[in-house]
$ cat entry_25.txt   # compact mmCIF, C-alpha atoms
# COMPACT_ATOMS: atom_id res chain seq x y z
CA MET A 183 28.35 60.32 -86.32
CA ASN A 184 29.58 62.24 -83.29
CA ASP A 185 29.84 60.14 -80.13
CA LYS A 186 31.05 62.79 -77.65
CA GLY A 187 28.14 62.06 -75.31
CA ASP A 188 28.72 58.33 -75.28
CA LYS A 189 30.27 56.41 -72.39
CA ILE A 190 33.81 55.13 -72.89
CA SER A 191 34.93 52.33 -70.57
CA PHE A 192 37.46 49.51 -70.39
CA ARG A 193 36.86 45.79 -70.08
CA LYS A 194 39.87 43.66 -69.15
CA MET A 195 40.24 40.75 -71.52
CA LYS A 196 40.80 37.50 -69.63
CA MET A 197 39.52 34.72 -71.90
CA GLU A 198 41.24 33.52 -75.07
CA GLN A 199 37.97 33.79 -77.03
CA GLU A 200 37.81 37.53 -76.24
CA PHE A 201 41.08 38.07 -78.08
CA GLU A 202 39.54 36.91 -81.36
CA SER A 203 37.47 40.11 -81.30
CA ILE A 204 40.61 42.25 -81.62
CA ARG A 205 42.62 40.10 -84.07
CA GLU A 206 41.50 41.91 -87.23
CA LEU A 207 41.95 45.40 -85.76
CA CYS A 208 45.39 44.49 -84.42
CA CYS A 209 46.49 43.19 -87.83
CA SER A 210 45.11 46.18 -89.74
CA ALA A 211 46.40 48.83 -87.33
CA PHE A 212 49.98 47.57 -86.89
CA PRO A 213 52.47 46.16 -89.40
CA PRO A 214 53.66 42.60 -88.66
CA GLU A 215 57.04 43.70 -87.30
CA GLU A 216 55.35 46.06 -84.80
CA ARG A 217 53.04 43.51 -83.22
CA ARG A 218 53.13 40.23 -81.37
CA GLU A 219 52.02 36.99 -82.99
CA PHE A 220 48.42 36.25 -82.00
CA GLN A 221 49.29 33.51 -79.48
CA GLN A 222 51.83 35.83 -77.83
CA LEU A 223 49.08 38.46 -77.58
CA VAL A 224 46.74 35.98 -75.91
CA GLN A 225 49.45 35.04 -73.39
CA LEU A 226 49.46 38.64 -72.12
CA LYS A 227 46.21 37.88 -70.25
CA ASP A 228 48.35 36.02 -67.72
CA ALA A 229 51.22 38.53 -67.58
CA GLY A 230 51.51 40.34 -64.29
CA GLY A 231 51.49 44.11 -64.56
CA CYS A 232 49.82 44.04 -67.98
CA ASP A 233 46.21 44.77 -68.86
CA VAL A 234 44.74 43.99 -72.27
CA LEU A 235 41.72 46.27 -72.49
CA ARG A 236 38.75 46.15 -74.82
CA ILE A 237 37.63 49.74 -75.30
CA MET A 238 33.87 50.02 -75.08
CA ASN A 239 31.49 52.81 -76.01
CA GLY A 240 28.42 51.81 -74.07
CA ASP A 241 27.90 48.19 -75.17
CA GLU A 242 29.80 48.62 -78.45
CA PRO A 243 33.46 47.57 -78.75
CA VAL A 244 35.37 50.42 -80.41
CA GLY A 245 39.04 49.48 -79.94
CA PHE A 246 41.66 47.95 -77.71
CA CYS A 247 44.84 48.86 -75.88
CA ILE A 248 47.58 46.98 -74.12
CA VAL A 249 49.08 48.69 -71.09
CA TRP A 250 52.00 47.81 -68.85
CA ILE A 251 51.69 49.20 -65.33
CA PHE A 252 54.86 50.57 -63.78
CA ASP A 253 55.20 52.52 -60.53
CA GLU A 254 56.06 55.81 -62.24
CA PHE A 255 54.13 55.55 -65.53
CA LEU A 256 51.78 53.51 -67.71
CA PHE A 257 53.34 52.18 -70.92
CA THR A 258 50.83 51.82 -73.73
CA GLU A 259 52.17 49.05 -75.97
CA HIS A 260 49.36 49.12 -78.53
CA PHE A 261 46.34 51.38 -78.91
CA ALA A 262 43.86 51.18 -81.78
CA ILE A 263 40.38 52.49 -82.47
CA GLU A 264 38.08 50.86 -85.02
CA PRO A 265 38.41 52.69 -88.37
CA ASP A 266 34.77 53.79 -88.48
CA ARG A 267 35.15 55.42 -85.03
CA ARG A 268 38.28 57.43 -85.75
CA GLY A 269 38.12 61.21 -86.00
CA GLN A 270 35.21 61.45 -83.55
CA GLY A 271 37.09 62.15 -80.33
CA THR A 272 37.05 58.55 -79.14
CA GLY A 273 40.85 58.23 -78.98
CA SER A 274 41.20 61.44 -76.99
CA ARG A 275 38.58 60.27 -74.50
CA VAL A 276 40.35 56.91 -74.15
CA LEU A 277 43.67 58.60 -73.35
CA ALA A 278 41.99 60.80 -70.74
CA LEU A 279 40.32 57.74 -69.19
CA LEU A 280 43.65 55.86 -69.08
CA ARG A 281 45.21 58.74 -67.16
CA LYS A 282 42.25 58.92 -64.78
CA THR A 283 41.97 55.15 -64.26
CA TYR A 284 45.65 54.40 -63.71
CA ARG A 285 46.59 57.76 -62.12
CA ARG A 286 50.05 58.02 -63.65
CA PRO A 287 51.72 59.57 -66.70
CA LEU A 288 51.44 57.73 -70.01
CA MET A 289 54.27 56.67 -72.31
CA LEU A 290 54.00 55.09 -75.76
CA GLU A 291 55.86 54.41 -78.99
CA VAL A 292 55.18 56.09 -82.34
CA GLU A 293 56.72 55.82 -85.76
CA PRO A 294 59.02 58.74 -86.54
CA PRO A 295 56.94 61.46 -88.23
CA CYS A 296 58.07 61.09 -91.83
CA ASP A 297 54.87 61.21 -93.90
CA GLU A 298 51.28 62.46 -93.61
CA ILE A 299 49.95 59.48 -91.64
CA THR A 300 52.79 59.30 -89.12
CA SER A 301 52.78 63.09 -88.71
CA ARG A 302 49.02 63.06 -88.08
CA ARG A 303 49.48 60.35 -85.45
CA VAL A 304 52.21 62.30 -83.63
CA ASN A 305 50.09 65.48 -83.81
CA PHE A 306 47.14 63.59 -82.30
CA TYR A 307 49.30 62.76 -79.29
CA PHE A 308 50.60 66.35 -79.09
CA ARG A 309 46.98 67.57 -78.93
CA ASN A 310 46.41 65.10 -76.07
CA GLY A 311 49.22 66.42 -73.88
CA PHE A 312 52.12 64.23 -75.01
CA TYR A 313 55.71 65.33 -75.59
CA LEU A 314 58.08 63.74 -78.10
CA LEU A 315 61.26 62.59 -76.38
CA ASP A 316 64.44 63.59 -78.14
CA ARG A 317 66.42 60.41 -77.66
CA PRO A 318 67.10 57.30 -79.77
CA TYR A 319 64.81 54.35 -79.19
CA CYS A 320 64.32 50.93 -80.79
CA GLN A 321 61.31 48.75 -80.14
CA PRO A 322 62.66 45.35 -79.12
CA SER A 323 62.00 42.49 -81.53
CA TYR A 324 58.70 40.67 -81.15
CA GLY A 325 60.21 37.39 -82.34
CA GLU A 326 63.15 35.64 -83.95
CA THR A 327 62.09 36.64 -87.45
CA LYS A 328 61.11 40.21 -86.57
CA PRO A 329 63.64 43.06 -86.48
CA GLU A 330 64.09 45.76 -83.88
CA ILE A 331 62.36 48.90 -85.16
CA GLU A 332 63.41 52.51 -84.80
CA LEU A 333 60.52 54.29 -83.14
CA ARG A 334 60.09 57.38 -80.97
CA LEU A 335 58.81 57.63 -77.42
CA MET A 336 56.12 60.08 -76.37
CA THR A 337 55.02 60.80 -72.81
CA THR A 338 52.63 62.98 -70.87
CA LEU A 339 55.34 63.59 -68.29
CA ALA A 340 56.70 67.08 -68.94
CA GLY A 341 60.34 67.95 -68.46
CA LEU A 342 61.98 64.79 -69.74
CA PRO A 343 64.91 65.44 -72.10
$ encode --input "entry_25.txt" --output "structure tokens"
Amino acid sequence: MNDKGDKISFRKMKMEQEFESIRELCCSAFPPEERREFQQLVQLKDAGGCDVLRIMNGDEPVGFCIVWIFDEFLFTEHFAIEPDRRGQGTGSRVLALLRKTYRRPLMLEVEPPCDEITSRRVNFYFRNGFYLLDRPYCQPSYGETKPEIELRLMTTLAGLP
């Protein structure tokens, strides 16, 4: 199914019950060490400068993203599209809408491109105007039992070293 004519929008998640709708996608899209525990995720609804967004296609939920709003850029902490909606242009339209809605460059973390899946992910962001930053980066730990993780940063802001 091709959904290019459909309407992508964001709905800010503010109620704990709403977070249940993204629990399964969050767990399937991100390994445990790369995500918050569920209660930590729910607490983000009260964090200043952070929006937890349910991605909608018309009335249908098709994904979620967590964004931190800084003066100079928007940091996308997590971004996932439902598996049955991938490969249809939805992710690209979401990234374009984030840029339009928040009116600032985007930055996000990716796993180093070391296999087919991680390389495809990085190439998806390249196709959507991102640049891979050539500098070391570790995602801070999401808890006492979770390690820091070597990741890479990508941004839509050209000219960064």
$ residues_around --input "entry_25.txt" --residues "segment 314-321 of chain A" --least-positions-apart "4" --cutoff "6 Å" --atoms "all atoms listed in the file" --output "list in words"
Glu330, Ile331, Glu332, Leu333, Arg334, Leu335 and Met336 of chain A
$ atom_distance --input "entry_25.txt" --atom1 "atom CA of Arg275 of chain A" --atom2 "atom CA of Met195 of chain A"
19.8 Å
$ closest_residue --input "entry_25.txt" --among "A:Pro294, A:Pro243, A:Gly269, A:Gly231" --to "Glu200 of chain A" --atoms "all atoms listed in the file"
A:Pro243
$ closest_residue --input "entry_25.txt" --among "A:Arg281, A:Arg286, A:His260, A:Lys328" --to "Ile204 of chain A" --atoms "only C-alpha atoms"
A:His260
$ closest_residue --input "entry_25.txt" --among "A:Lys196, A:Glu242, A:Pro213, A:Phe201" --to "Asp228 of chain A" --atoms "only C-alpha atoms"
A:Lys196
